[in-house]
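Asker: The following block contains the structure, expressed as C-alpha cells.
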There are 4 protein chains.
Amino acid sequence: MNFVSDNLAGASAPVMQAMAAANDGSAAAYGNDAWTKRVEALFSELFEREVAAFLVTTGTAANSLALASLVQPWGAVLCHYEAHIASDECGAPEFFTGGAKIVGLPGDGCKLLPEVVTEQLARMRAGSLHQVQPQMLSITQATECGLVYRPAEIAALKQAIAPRGLKLHMDGARFANAVVALGCTPAEITWKAGVDVLSFGGTKNGAFAAEAVIVFDPADAGQMPWRRKRAGHTLSKGRLIGAQFEGLLAGGHWLDLARHANGMANRLADAVAAAGKLRLAWACEANEVFLVLPPSAQAALAAQGVQYIAWSGDALPEQERLQTGDVVGRFVCSFATHTEEIDRLAAVLADV
Amino acid sequence: MNFVSDNLAGASAPVMQAMAAANDGSAAAYGNDAWTKRVEALFSELFEREVAAFLVTTGTAANSLALASLVQPWGAVLCHYEAHIASDECGAPEFFTGGAKIVGLPGDGCKLLPEVVTEQLARMRAGSLHQVQPQMLSITQATECGLVYRPAEIAALKQAIAPRGLKLHMDGARFANAVVALGCTPAEITWKAGVDVLSFGGTKNGAFAAEAVIVFDPADAGQMPWRRKRAGHTLSKGRLIGAQFEGLLAGGHWLDLARHANGMANRLADAVAAAGKLRLAWACEANEVFLVLPPSAQAALAAQGVQYIAWSGDALPEQERLQTGDVVGRFVCSFATHTEEIDRLAAVLADV
Amino acid sequence: MNFVSDNLAGASAPVMQAMAAANDGSAAAYGNDAWTKRVEALFSELFEREVAAFLVTTGTAANSLALASLVQPWGAVLCHYEAHIASDECGAPEFFTGGAKIVGLPGDGCKLLPEVVTEQLARMRAGSLHQVQPQMLSITQATECGLVYRPAEIAALKQAIAPRGLKLHMDGARFANAVVALGCTPAEITWKAGVDVLSFGGTKNGAFAAEAVIVFDPADAGQMPWRRKRAGHTLSKGRLIGAQFEGLLAGGHWLDLARHANGMANRLADAVAAAGKLRLAWACEANEVFLVLPPSAQAALAAQGVQYIAWSGDALPEQERLQTGDVVGRFVCSFATHTEEIDRLAAVLADV
Amino acid sequence: MNFVSDNLAGASAPVMQAMAAANDGSAAAYGNDAWTKRVEALFSELFEREVAAFLVTTGTAANSLALASLVQPWGAVLCHYEAHIASDECGAPEFFTGGAKIVGLPGDGCKLLPEVVTEQLARMRAGSLHQVQPQMLSITQATECGLVYRPAEIAALKQAIAPRGLKLHMDGARFANAVVALGCTPAEITWKAGVDVLSFGGTKNGAFAAEAVIVFDPADAGQMPWRRKRAGHTLSKGRLIGAQFEGLLAGGHWLDLARHANGMANRLADAVAAAGKLRLAWACEANEVFLVLPPSAQAALAAQGVQYIAWSGDALPEQERLQTGDVVGRFVCSFATHTEEIDRLAAVLADV
C-alpha cells in the first residue's frame with residue numbers, strides 16, 4: 001500500500017482517452033491547436049469571467065511563471081515556510097524571477113493568518129533600497145498540511161496585503177480537492193476572494209502532466225507568452241496538454257476525481273477517529289490525512305509495507321508539538337485510491 | 001496540404017500505445033519510475049557506452065539545459081546564426097545559462113565549416129576580461145536547412161575547437177533523420193566524432209513531447225538534475241516521457257519513422273528534379289525539401305492551399321542568392337506524411 | 001608615449017581637489033549626501049529639463065543598468081557589432097538584463113544608419129514567441145571609431161525605431177568629446193534628438209571613477225534605485241562620485257578637458273595629413289585618431305616605444321579594407337595628453 | 001551628534017593623501033596598475049600566505065561576488081537572519097548567484113552557534129532534487145550586533161559544516177574592528193580558523209570606497225575576474241581603490257583607525273555602565289554600542305538631536321526581550337568619532 005503522494009497514479013481513464021482521441025491528424029503547433037484554444041475558453045467559462053490561461057506540464061513551472069510575471073527581481077514573495085515554492089522546488093521561483101526572495105512565514109497547518117502577514121509587512125520598509133520589496137503573497141489551496149482556506153479567509157488575506165499593493169497567488173496543486181471540500185464555485189475561492197493568479201493543478205487531480213496558470217486580469221498576463229517560451233515550456237504539440245484538460249474538465253470529471261480522493265481520505269480519517277488509537281495532526285479537509293505516529297504505529301506500518309511520508313511536525317501549534325520518537329505520517333489519497341486500500345490501512349492503524 | 005513542420009502530427013500509433021500501456025498502476029515519481037529507468041539504460045545501449053540521459057518535454061529545454069550545464073554565464077556558444085538556439089528559442093539559452101552569449105557564424109545551408117570556427121576563435125582573446133569566453137560549439141543535425149553532417153565533418157569541427165577546450169553540442173531535433181540519412185550508428189555521429197552532449201529529439205520524430213539530453217561523459221552531467229528541476233522540467237509522473245521513448249526506441253521504431261519521413265522528402269525532391277521546373281535551394285538529405293520558388297510557384301501553391309514556410313535565403317551561397325520576388329519554400333515531411341500528399345504537391349509544382 | 005586609451009590618466013587637478021574638499025565631515029550615506037543631491041540637480045540644469053540621474057563608478061555599470069531598466073529579459077538591444085556593450089563588457093548587459101540579446105549591426109566607423117536598423121527590425125517579427133523582441137537601440141557617442149553622430153542623424157535613427165517602440169540609449173563614454181566636437185548643447189544631441197537614456201561618461205573625461213545614467217523621462221527610472229543597489233553600485237560614501245562630478249561640471253571644466261583632448265587628436269591628425277605618409281582610417285572627429293599602419297609604420301612605432309591599440313579594421317567600408325600586414329592603429333588623447341607627446345608622435349609618423 | 005553608522009565619515013587623512021598621491025601620471029587600466037598590484041601582494045603578506053585579492057568599491061559587491069564564485073544557483077547560503085547579505089543588500093546575493101537561497105538562522109547577538117548550523121543542515125537533504133543544496137556558511141565579523149567571533153568559535157563552525165562540504169565566508173565589513181578587539185593576527189581569525197573567503201572591509205574602516213574579496217585558496221578564485229568584470233566592478237582607473245588600500249595598510253594605519261573606533265565605543269559603554277541607568281543589549285566588543293532605550297531615554301536623545309538607529313531586538317535572547325515601548329538603540333563609532341562627542345552622548349544618557 002502506497003500513500004506517498006497523489007502523483008503516483010497515471011491519468012484517469014477519461015483523460016487517457018482524451019489524449020488518445022486527440023492524437024489523430026494534423027494540428028497547429030505551439031498552443032495554437034483546437035484543444036488548447038477550447039481549454040482556454042473553458043477556463044473562462046469555469047471561472048465566470050475572461051481569464052488568460054497558460055498550459056504547462058509541471059506545477060513548478062506554473063508556480064514559477066506565475067510569480068515571475070508579477071514580481072520583480074528585487075521583489076519578495078511571502079508564503080508559508082513549508083510552501084511548495086519555498087521548500088520543494090529547488091529554487092525554481094528564484095530562477096524564474098531573476099532572484100526574488102521567498103519569505104517564509106509561520107502558520108498552523110501551513111495556513112497563513114492575516115495578522116502574521118501584516119506583521120511581516122510592517123518589518124519590510126516600503127521603498128527602502130536595502131530590502132527586497134514585498135510584491136506577492138502566495139497561499140496553497142489545499143495547504144501542504146491538507147487544510148483548506150475558506151473564501152472569507154482568503155479575502156482577509158487580500159485585505160492585509162492591499163495597502164501595500166501585493167498580488168495574491170494561489171498554488172492550486174490540489175485546487176480541485178479544495179473546491180470539492182468547500183462546495184463553492186471556482187470563482188468564489190479565487191478572484192472573487194481576491195486571488196490574482198492561480199496555478200490550477202491537473203496532474204495530481206488525474207492528468208498525466210497538465211497544469212495551467214490562470215491570470216484573472218488578462219492585463220497581468222502580458223509577459224507570460226515569452227516567459228513560458230524561454231523557459232522551454234511551450235510545447236510544440238500543445239494538444240498534449242490541451243487534451244488532458246479537456247478530459248478533466250468535461251462534465252465535471254475533475255470534480256468527480258477530487259470527490260473520490262477526498263472521500264477516501266475522509267474514510268480513513270473517520271476510521272482512525274473511530275478506532276481512537278491515533279490523533280490527527282490536522283483536520284482532514286481534502287485528500288490528505290496527517291497522523292501523529294508513535295513508534296509502535298510506525299513499526300506496524302513498516303511491518304505491513306505501508307508507504308507514506310514522514311512529514312515535518314514544525315507546523316503543528318505550539319501546544320501540540322511531537323513527543324520524541326513520534327512522527328507525522330502523511331497519507332495521500334488520489335483518484336485511483338481504492339476503498340479496500342483505505343480499509344486495509346485503517347485496520348493496520350486500528351491495531352497499533 | 002500542410003508541410004509547415006514535422007511537429008504538426010501527433011504521436012505515432014506505437015508511441016501512443018506505449019503511453020496508454022504505461023498508464024496503469026502506481027509508479028515512483030520524478031523520473032524514478034521503471035519506464036524512465038529502462039529508457040536511460042536503453043540510451044546507453046543505443047550509444048554503445050554509458051551515458052547520462054535526462055528526459056524533458058521540449059527541444060528548447062533540452063538545448064538550454066545542455067548548454068547551461070557546460071557553459072558559464074560569461075561563456076560564448078558558437079553556432080550558425082540561423083541555429084534554433086540562436087533564432088527560435090526566444091532567448092532560452094541566455095535564460096538558462098545566466099546570460100551567456102550565442103555567437104552566430106555563417107555557413108552555407110546552416111552547416112559550419114572548421115575554418116569559419118577557427119577564424120572566429122582567433123577573434124576571441126583567451127583569458128580576456130573584456131570578452132565572453134568561447135566554451136561551446138553547437139551544431140544542428142540535420143541542419144535548419146535539412147543538410148546532414150558526416151562523421152568526418154564533425155570530427156573536423158571538434159579538432160577546430162579542441163585547442164581552446166570548447167565542448168561540442170549537437171542539437172538533434174532531427175537526429176533520427178540524420179542517422180537514417182547517413183546509415184551510420186548513433187555512436188558514430190556523436191561521441192565517436194567528438195560530440196559531448198546531444199539533444200536527442202523524439203517529438204518531431206513521432207512522440208508527443210519527448211526529448212532527451214544525452215551527456216556522453218557522465219562526469220559532465222553533475223549539474224543536470226538540479227538545473228532540470230529548477231527549470232520545472234522534472235515531471236512528477238515521469239513515465240509520460242519514459243513511455244514515449246520506450247515506444248520510439250523499441251524495435252528501431254524511431255528509425256522506421258525517420259526512414260518514412262526522409263523517404264517522403266526524397267520522393268518530393270526527385271519529383272521536382274524530374275519536372276525540371278524548380279531548383280532546390282539545398283540538397284534534400286533528410287526530411288526537408290527547400291525549393292526556390294518564383295512568384296508563379298508561390299501563386300500556384302497558394303491557389304491549391306498548400307502550406308509551407310517561406311524560409312530565409314540568407315544561408316544560400318553568395319552566387320545563388322535569391323532573385324527579387326523569389327522565396328525559399330520549406331516543405332517538411334514527417335512520419336505521418338502520406339505518399340499521396342507528396343504526389344499531389346509534386347503535381348502542383350510540376351505545373352508551375 | 002602611451003596612446004592606448006583615455007583611461008590611463010588619473011583625475012584632473014580640479015576633480016582631485018573636489019574629492020579632497022568633499023572629504024571633511026559627516027555626510028548622509030547611500031547617495032543622500034549634499035554632493036550627490038547637487039549633482040543630480042546640476043544634470044537637470046545641464047540638460048534643460050528634469051532628469052533622473054544615477055551615479056555609478058564604471059561605464060559598464062552605467063550601460064548595463066540603463067539597458068536593464070528598459071529592456072525585458074526576452075528583449076533585444078540593437079547596436080553596432082563593435083559597440084562596447086557588444087564586445088567589451090564580458091556579457092554585463094546580458095547579466096544585468098537577465099539574458100536579453102545584444103544584436104550587432106554593421107556600419108562604417110561604428111556608426112549606424114537608419115536603413116540598417118529598419119532592415120534589421122523587419123527581420124524581427126513583432127509579437128513572435130520564438131524570437132527576442134527588439135526593445136532598444138544603443139548608439140555610442142563618440143563611436144568606437146571616434147566618429148560623432150549629428151543631432152539629425154540621431155533623430156533619423158529615432159524615427160527608424162519609433163514604429164516599433166524601441167527606446168534609444170546613448171553610450172556616452174566620450175560624451176564630452178562629442179559635445180565639444182559638435183558645438184551643440186547636451187540637450188540637442190540627447191533628448192531633443194530622441195535619446196531616452198544616456199550613459200554620461202566622466203571617467204575618460206577626467207574623473208577617477210564617475211559615470212551617470214541620465215534618464216530623460218523620470219517615469220522610465222522607477223527600477224533604477226533597486227537595480228543599482230542590488231548590483232552593488234550604490235556607494236555608501238556616495239559623495240566620492242558626487243564630488244567628482246561637481247568638479248567636472250563646475251564652470252564647464254568637463255568641456256575644457258574634452259576640448260583639450262579633441263585638440264590634441266586634431267593636432268595629430270593634421271600633422272599626419274600634412275606629412276602625407278599615412279591615411280586616416282576614419283575622420284578625426286573627437287579625441288581619437290585611427291591610422292592605417294603598414295608594417296613599416298608599425299616597426300617605427302615599436303622602435304620608439306609608442307603604445308597604441310591595433311584596432312579591428314572590420315568597420316572599414318568595403319572598398320577600404322586593409323592590405324595584408326596593415327593594421328588600424330588607435331591613438332587616444334585625453335585631458336592629460338601633452339602637446340609635445342603629440343609632436344613627438346607626429347614626428348615618428350612623418351618619418352615612416 | 002550622529003551615531004547612525006560608521007559610513008558617514010569620508011576617508012582618513014592618510015587615505016585621502018594616498019589617493020591624491022596616486023593621481024599623477026599614466027597607469028595601466030583595469031587593475032593592472034602598480035597600486036593594485038602592490039596591494040594584492042600586501043594582502044598575501046598580511047595573511048601570511050598567498051591569497052587572491054579582488055578590489056571593489058562596495059561591501060555588497062564584495063559579498064555577492066564572494067558568494068557567487070563558490071555557490072551554484074541551486075545552492076543555499078546559511079547565515080544569521082539579520083546578516084547584511086540576508087537583510088540589507090536588496091537581493092544582491094540572489095542576483096549575483098543566479099538565484100541561490102539565503103537561509104537565515106537564529107542566534108543571540110547575530111552570532112551563529114555550531115549546533116544551530118548542524119540542526120539546519122540536518123533539515124536539508126543532501127542530494128535532494130527538491131531542495132536547494134547548502135554550499136556556504138556566511139558569518140559576519142564583527143556581527144551586526146557588534147559581537148566578535150573568537151578563532152575557536154569559527155573553527156567550531158567550520159567543523160559543523162565540514163561533513164557537508166560547505167565553504168565558509170566571512171563578511172568583514174568591520175574586520176579591522178574585530179582584529180583589534182581580538183588582538184590576534186588576521187590569519188588566525190580567517191583561514192587558520194577555516195575561513196575560505198573574506199570580504200575585507202576598507203570603507204567603514206577609513207577609506208572612501210575600498211573593499212576586497214580575499215580568496216584564501218587561489219584555486220577558488222578562477223571565476224572572480226569574469227564575475228567582477230560583468231558586474232561592472234572592474235574599475236578602469238583601478239588605482240583609485242589600490243591607493244586607498246595602500247593608505248590603509250601602510251604602517252598598520254587600518255588597525256590604528258579601528259583601535260580608535262573601538263576605543264570610542266568602549267568609552268561610551270563604560271560610561272553607560274558607570275551611570276547605571278541603561279543596560280547594554282549586547283556586550284560592546286568592537287565599535288558599536290547597543291543600548292536598550294526606554295521611552296524616557298528615547299525622548300532625551302531626541303531632545304538633544306542625537307541620531308542613532310533603532311535596531312531590531314529580535315536577536316536578543318528569549319529572556320531579555322524588549323518591554324513595550326523600549327527599542328534597541330545602535331550607536332556606531334568610527335575613526336572620525338571624537339572623544340567629546342562620546343562624552344556629550346554619555347552625559348545625555350546618564351541623565352535619563
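A note on labels: chains of the C-alpha cells are A, B, ... as shown, every chain counts residues from 1, and ligands are counted from 1 in their shown order.
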Report as JSON lines: every residue of chain A with an atom at most 9 Å from chain B, its closest pair of atoms, and their distance in Å to one decimal, counting only C-alpha atoms, with rows sorted by chain and ascending residue number.
Answerer:
```
{"residue": "A:Asn2", "atom": "CA", "partner": "B:Ser26", "partner_atom": "CA", "distance": 8.3}
{"residue": "A:Ser5", "atom": "CA", "partner": "B:Ala29", "partner_atom": "CA", "distance": 8.7}
{"residue": "A:Asn7", "atom": "CA", "partner": "B:Ser236", "partner_atom": "CA", "distance": 6.3}
{"residue": "A:Leu8", "atom": "CA", "partner": "B:Ser26", "partner_atom": "CA", "distance": 5.0}
{"residue": "A:Ala9", "atom": "CA", "partner": "B:Ser26", "partner_atom": "CA", "distance": 4.7}
{"residue": "A:Gly10", "atom": "CA", "partner": "B:Asn23", "partner_atom": "CA", "distance": 4.8}
{"residue": "A:Ala11", "atom": "CA", "partner": "B:Asn23", "partner_atom": "CA", "distance": 6.2}
{"residue": "A:Ser12", "atom": "CA", "partner": "B:Asn23", "partner_atom": "CA", "distance": 8.4}
{"residue": "A:Ala13", "atom": "CA", "partner": "B:Asn23", "partner_atom": "CA", "distance": 8.6}
{"residue": "A:Met16", "atom": "CA", "partner": "B:Ala20", "partner_atom": "CA", "distance": 6.9}
{"residue": "A:Gln17", "atom": "CA", "partner": "B:Ala20", "partner_atom": "CA", "distance": 8.6}
{"residue": "A:Met19", "atom": "CA", "partner": "B:Met16", "partner_atom": "CA", "distance": 8.8}
{"residue": "A:Ala20", "atom": "CA", "partner": "B:Met16", "partner_atom": "CA", "distance": 6.8}
{"residue": "A:Ala22", "atom": "CA", "partner": "B:Gly10", "partner_atom": "CA", "distance": 7.8}
{"residue": "A:Asn23", "atom": "CA", "partner": "B:Gly10", "partner_atom": "CA", "distance": 4.9}
{"residue": "A:Asp24", "atom": "CA", "partner": "B:Gly10", "partner_atom": "CA", "distance": 6.3}
{"residue": "A:Gly25", "atom": "CA", "partner": "B:Ala9", "partner_atom": "CA", "distance": 6.0}
{"residue": "A:Ser26", "atom": "CA", "partner": "B:Ala9", "partner_atom": "CA", "distance": 4.7}
{"residue": "A:Ala27", "atom": "CA", "partner": "B:Leu8", "partner_atom": "CA", "distance": 5.1}
{"residue": "A:Ala28", "atom": "CA", "partner": "B:Leu8", "partner_atom": "CA", "distance": 5.9}
{"residue": "A:Ala29", "atom": "CA", "partner": "B:Leu8", "partner_atom": "CA", "distance": 6.0}
{"residue": "A:Thr57", "atom": "CA", "partner": "B:Leu235", "partner_atom": "CA", "distance": 7.3}
{"residue": "A:Thr58", "atom": "CA", "partner": "B:Leu235", "partner_atom": "CA", "distance": 6.1}
{"residue": "A:Gly59", "atom": "CA", "partner": "B:Gly232", "partner_atom": "CA", "distance": 7.5}
{"residue": "A:Thr60", "atom": "CA", "partner": "B:Gly232", "partner_atom": "CA", "distance": 5.0}
{"residue": "A:Ala61", "atom": "CA", "partner": "B:Gly232", "partner_atom": "CA", "distance": 4.5}
{"residue": "A:Ala62", "atom": "CA", "partner": "B:Gly232", "partner_atom": "CA", "distance": 8.2}
{"residue": "A:Ser64", "atom": "CA", "partner": "B:Gly232", "partner_atom": "CA", "distance": 8.1}
{"residue": "A:Glu89", "atom": "CA", "partner": "B:Arg230", "partner_atom": "CA", "distance": 6.2}
{"residue": "A:Cys90", "atom": "CA", "partner": "B:Arg230", "partner_atom": "CA", "distance": 5.4}
{"residue": "A:Gly91", "atom": "CA", "partner": "B:Arg230", "partner_atom": "CA", "distance": 5.8}
{"residue": "A:Ala92", "atom": "CA", "partner": "B:Arg230", "partner_atom": "CA", "distance": 4.0}
{"residue": "A:Pro93", "atom": "CA", "partner": "B:Arg230", "partner_atom": "CA", "distance": 7.8}
{"residue": "A:Glu94", "atom": "CA", "partner": "B:Arg230", "partner_atom": "CA", "distance": 8.8}
{"residue": "A:Phe95", "atom": "CA", "partner": "B:Arg230", "partner_atom": "CA", "distance": 7.0}
{"residue": "A:Phe96", "atom": "CA", "partner": "B:Ala231", "partner_atom": "CA", "distance": 7.7}
{"residue": "A:Thr203", "atom": "CA", "partner": "B:Lys237", "partner_atom": "CA", "distance": 8.1}
{"residue": "A:Phe208", "atom": "CA", "partner": "B:Lys237", "partner_atom": "CA", "distance": 6.2}
{"residue": "A:Ala209", "atom": "CA", "partner": "B:Lys237", "partner_atom": "CA", "distance": 6.9}
{"residue": "A:Trp226", "atom": "CA", "partner": "B:Cys90", "partner_atom": "CA", "distance": 7.2}
{"residue": "A:Arg227", "atom": "CA", "partner": "B:Cys90", "partner_atom": "CA", "distance": 9.0}
{"residue": "A:Lys229", "atom": "CA", "partner": "B:Cys90", "partner_atom": "CA", "distance": 6.7}
{"residue": "A:Arg230", "atom": "CA", "partner": "B:Ala92", "partner_atom": "CA", "distance": 4.0}
{"residue": "A:Ala231", "atom": "CA", "partner": "B:Ala92", "partner_atom": "CA", "distance": 6.0}
{"residue": "A:Gly232", "atom": "CA", "partner": "B:Ala61", "partner_atom": "CA", "distance": 4.5}
{"residue": "A:His233", "atom": "CA", "partner": "B:Thr58", "partner_atom": "CA", "distance": 7.1}
{"residue": "A:Thr234", "atom": "CA", "partner": "B:Thr58", "partner_atom": "CA", "distance": 7.6}
{"residue": "A:Leu235", "atom": "CA", "partner": "B:Thr58", "partner_atom": "CA", "distance": 6.1}
{"residue": "A:Ser236", "atom": "CA", "partner": "B:Asn7", "partner_atom": "CA", "distance": 6.3}
{"residue": "A:Lys237", "atom": "CA", "partner": "B:Phe208", "partner_atom": "CA", "distance": 6.2}
{"residue": "A:Gly238", "atom": "CA", "partner": "B:Phe208", "partner_atom": "CA", "distance": 8.7}
{"residue": "A:Arg239", "atom": "CA", "partner": "B:Gly10", "partner_atom": "CA", "distance": 8.4}
{"residue": "A:Leu240", "atom": "CA", "partner": "B:Phe208", "partner_atom": "CA", "distance": 6.7}
{"residue": "A:Ala336", "atom": "CA", "partner": "B:Gly25", "partner_atom": "CA", "distance": 8.5}
```
Asker: Can you tell me which residues surround Ala86 of chain C at a distance of at most 10 Å, considering only C-alpha atoms, apart from same-chain residues fewer than 3 positions away, and format the answer as a list in words?
Answerer: Lys101, Gln131 and Val132 of chain B; Val77, Leu78, Cys79, His80, Tyr81, Glu82, Ala83, Glu89, Cys90, Gly91, Ala92, Pro93, Glu94, Lys101, Ile102, Val103 and Gly104 of chain C
Asker: Could you take the residues named above and write them with N, CA, C and O atoms, as an mmCIF file, in the first residue's frame?
Answerer:
```
data_model
loop_
_atom_site.group_PDB
_atom_site.id
_atom_site.type_symbol
_atom_site.label_atom_id
_atom_site.label_comp_id
_atom_site.auth_asym_id
_atom_site.auth_seq_id
_atom_site.Cartn_x
_atom_site.Cartn_y
_atom_site.Cartn_z
ATOM 1 N N LYS B 101 26.569 34.184 -24.154
ATOM 2 C CA LYS B 101 26.327 34.804 -25.448
ATOM 3 C C LYS B 101 26.275 33.737 -26.533
ATOM 4 O O LYS B 101 27.135 32.861 -26.584
ATOM 5 N N GLN B 131 35.924 40.198 -22.832
ATOM 6 C CA GLN B 131 35.132 39.449 -23.807
ATOM 7 C C GLN B 131 34.621 38.153 -23.189
ATOM 8 O O GLN B 131 35.309 37.536 -22.373
ATOM 9 N N VAL B 132 33.451 37.760 -23.623
ATOM 10 C CA VAL B 132 32.972 36.439 -23.222
ATOM 11 C C VAL B 132 33.941 35.389 -23.768
ATOM 12 O O VAL B 132 34.608 35.604 -24.775
ATOM 13 N N VAL C 77 18.610 44.276 -27.838
ATOM 14 C CA VAL C 77 19.187 45.608 -27.964
ATOM 15 C C VAL C 77 19.988 45.637 -29.254
ATOM 16 O O VAL C 77 20.937 44.866 -29.415
ATOM 17 N N LEU C 78 19.591 46.496 -30.163
ATOM 18 C CA LEU C 78 20.342 46.630 -31.412
ATOM 19 C C LEU C 78 21.485 47.619 -31.197
ATOM 20 O O LEU C 78 21.307 48.647 -30.538
ATOM 21 N N CYS C 79 22.632 47.311 -31.772
ATOM 22 C CA CYS C 79 23.768 48.226 -31.664
ATOM 23 C C CYS C 79 24.775 47.839 -32.734
ATOM 24 O O CYS C 79 24.595 46.848 -33.437
ATOM 25 N N HIS C 80 25.835 48.618 -32.864
ATOM 26 C CA HIS C 80 26.893 48.214 -33.775
ATOM 27 C C HIS C 80 27.588 46.983 -33.199
ATOM 28 O O HIS C 80 27.710 46.854 -31.986
ATOM 29 N N TYR C 81 28.069 46.115 -34.086
ATOM 30 C CA TYR C 81 28.670 44.873 -33.560
ATOM 31 C C TYR C 81 29.985 45.121 -32.836
ATOM 32 O O TYR C 81 30.469 44.249 -32.125
ATOM 33 N N GLU C 82 30.563 46.287 -33.012
ATOM 34 C CA GLU C 82 31.768 46.618 -32.241
ATOM 35 C C GLU C 82 31.450 47.527 -31.058
ATOM 36 O O GLU C 82 32.373 48.038 -30.411
ATOM 37 N N ALA C 83 30.184 47.729 -30.778
ATOM 38 C CA ALA C 83 29.829 48.574 -29.643
ATOM 39 C C ALA C 83 30.423 47.992 -28.366
ATOM 40 O O ALA C 83 30.560 46.774 -28.229
ATOM 41 N N GLU C 89 32.297 44.218 -22.682
ATOM 42 C CA GLU C 89 31.806 44.242 -21.308
ATOM 43 C C GLU C 89 31.563 42.835 -20.773
ATOM 44 O O GLU C 89 30.867 42.639 -19.788
ATOM 45 N N CYS C 90 32.131 41.853 -21.457
ATOM 46 C CA CYS C 90 32.118 40.482 -20.959
ATOM 47 C C CYS C 90 30.718 39.983 -20.596
ATOM 48 O O CYS C 90 30.541 39.239 -19.628
ATOM 49 N N GLY C 91 29.737 40.455 -21.333
ATOM 50 C CA GLY C 91 28.388 39.959 -21.065
ATOM 51 C C GLY C 91 27.676 40.668 -19.929
ATOM 52 O O GLY C 91 26.635 40.192 -19.472
ATOM 53 N N ALA C 92 28.191 41.801 -19.488
ATOM 54 C CA ALA C 92 27.499 42.534 -18.419
ATOM 55 C C ALA C 92 26.053 42.879 -18.787
ATOM 56 O O ALA C 92 25.153 42.711 -17.967
ATOM 57 N N PRO C 93 25.793 43.359 -19.998
ATOM 58 C CA PRO C 93 24.398 43.658 -20.339
ATOM 59 C C PRO C 93 23.498 42.420 -20.225
ATOM 60 O O PRO C 93 22.363 42.517 -19.759
ATOM 61 N N GLU C 94 24.013 41.272 -20.630
ATOM 62 C CA GLU C 94 23.224 40.047 -20.511
ATOM 63 C C GLU C 94 22.980 39.724 -19.036
ATOM 64 O O GLU C 94 21.895 39.279 -18.661
ATOM 65 N N LYS C 101 19.208 39.901 -25.507
ATOM 66 C CA LYS C 101 20.161 39.630 -26.579
ATOM 67 C C LYS C 101 20.703 40.946 -27.136
ATOM 68 O O LYS C 101 19.945 41.872 -27.407
ATOM 69 N N ILE C 102 22.013 41.016 -27.282
ATOM 70 C CA ILE C 102 22.664 42.161 -27.911
ATOM 71 C C ILE C 102 22.871 41.797 -29.372
ATOM 72 O O ILE C 102 23.580 40.830 -29.674
ATOM 73 N N VAL C 103 22.227 42.535 -30.258
ATOM 74 C CA VAL C 103 22.249 42.202 -31.683
ATOM 75 C C VAL C 103 23.149 43.203 -32.404
ATOM 76 O O VAL C 103 22.844 44.397 -32.460
ATOM 77 N N GLY C 104 24.252 42.704 -32.935
ATOM 78 C CA GLY C 104 25.226 43.580 -33.576
ATOM 79 C C GLY C 104 24.915 43.851 -35.033
ATOM 80 O O GLY C 104 24.641 42.923 -35.793
#
```
Asker: Check segment 28-204 of chain B with DSSP on the backbone and list each residue it calls strand (DSSP E), as an NGL selection string.
Answerer: :B and (52-56 or 75-80 or 101-105 or 133-140 or 167-172 or 197-201)
Asker: Measure the distance from atom CA of Leu255 of chain B to atom CA of Leu70 of chain B in Å and round it to one decimal.
Answerer: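 That distance, rounded to one decimal, is 29.2 Å.
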Asker: Provide the atom CA of Ala66 of chain D to atom CA of Cys145 of chain D distance in Å, to one decimal place.
Answerer: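 Separation of atom CA of Ala66 of chain D and atom CA of Cys145 of chain D: 22.2 Å.
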Asker: Rounded to one decimal place, report the atom CA of Val180 of chain C-atom CA of Gln141 of chain C distance in Å.
Answerer: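 Spanning atom CA of Val180 of chain C to atom CA of Gln141 of chain C is a straight-line distance of 11.6 Å.
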Asker: Write out as a PyMOL selection string the residues lying within 10 Å of Glu48 of chain B, counting only C-alpha atoms and excluding same-chain residues fewer than 4 positions away.
Answerer: chain B and resi 42-44+185-188+191
Asker: To test your reading of the structure, identify every residue in segment 2-66 of chain D that backbone DSSP assigns to helix (DSSP H, G or I), and report it as a ChimeraX atom specification.
Answerer: /D:13-21,34-46,59-66
Asker: Can you pull out every residue within 9 Å of Leu278 of chain C, counting only C-alpha atoms, but drop anything in the same chain fewer than 2 positions away, and send it as a compact mmCIF listing (two decimals) with N, CA, C and O atoms, in the first residue's frame?
Answerer:
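Output contents, as saved in part07.txt:
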```
# COMPACT_ATOMS: atom_id res chain seq x y z
N VAL C 272 49.56 64.31 -39.41
CA VAL C 272 49.64 63.13 -40.27
C VAL C 272 49.23 63.48 -41.70
O VAL C 272 49.87 63.07 -42.68
N ALA C 273 48.17 64.26 -41.80
CA ALA C 273 47.70 64.67 -43.14
C ALA C 273 48.78 65.50 -43.84
O ALA C 273 49.06 65.30 -45.03
N ALA C 275 51.93 65.43 -43.34
CA ALA C 275 53.08 64.60 -43.71
C ALA C 275 52.79 63.76 -44.95
O ALA C 275 53.68 63.41 -45.72
N GLY C 276 51.52 63.41 -45.11
CA GLY C 276 51.11 62.70 -46.33
C GLY C 276 51.61 61.28 -46.43
O GLY C 276 51.60 60.68 -47.51
N LEU C 280 44.20 58.20 -42.67
CA LEU C 280 43.31 58.00 -41.54
C LEU C 280 42.27 56.93 -41.90
O LEU C 280 41.69 56.96 -42.99
N LEU C 291 44.72 55.31 -37.56
CA LEU C 291 45.59 55.36 -38.74
C LEU C 291 45.78 53.97 -39.32
O LEU C 291 45.96 53.00 -38.58
N VAL C 292 45.76 53.90 -40.63
CA VAL C 292 46.12 52.65 -41.29
C VAL C 292 47.64 52.56 -41.27
O VAL C 292 48.32 53.41 -41.82
N LEU C 293 48.13 51.54 -40.60
CA LEU C 293 49.58 51.42 -40.39
C LEU C 293 50.17 50.26 -41.18
O LEU C 293 49.91 49.10 -40.87
N PRO C 294 50.94 50.56 -42.19
CA PRO C 294 51.65 49.48 -42.89
C PRO C 294 52.77 48.96 -41.98
O PRO C 294 53.11 49.60 -40.98
N ALA C 297 55.39 51.37 -40.67
CA ALA C 297 54.95 52.29 -39.62
C ALA C 297 54.88 51.57 -38.28
O ALA C 297 55.25 52.11 -37.24
N LEU C 349 55.67 59.43 -37.01
CA LEU C 349 54.79 59.01 -38.11
C LEU C 349 55.15 59.69 -39.44
O LEU C 349 54.88 59.14 -40.51
N ALA C 350 55.72 60.86 -39.35
CA ALA C 350 56.11 61.56 -40.58
C ALA C 350 57.33 60.93 -41.21
O ALA C 350 57.64 61.16 -42.39
N VAL C 352 58.04 57.63 -41.45
CA VAL C 352 57.97 56.21 -41.89
C VAL C 352 58.10 56.10 -43.40
O VAL C 352 57.74 57.02 -44.13
```
Asker: When you look at Lys111 of chain C with a cut-off of 10 Å (counting only C-alpha atoms), what residues show up, excluding the ones that are within fewer than 4 positions of it in the same chain? I need them as number ranges by chain.
Answerer: C: 79-80, 82-83, 105-107, 139-149, 153, 315
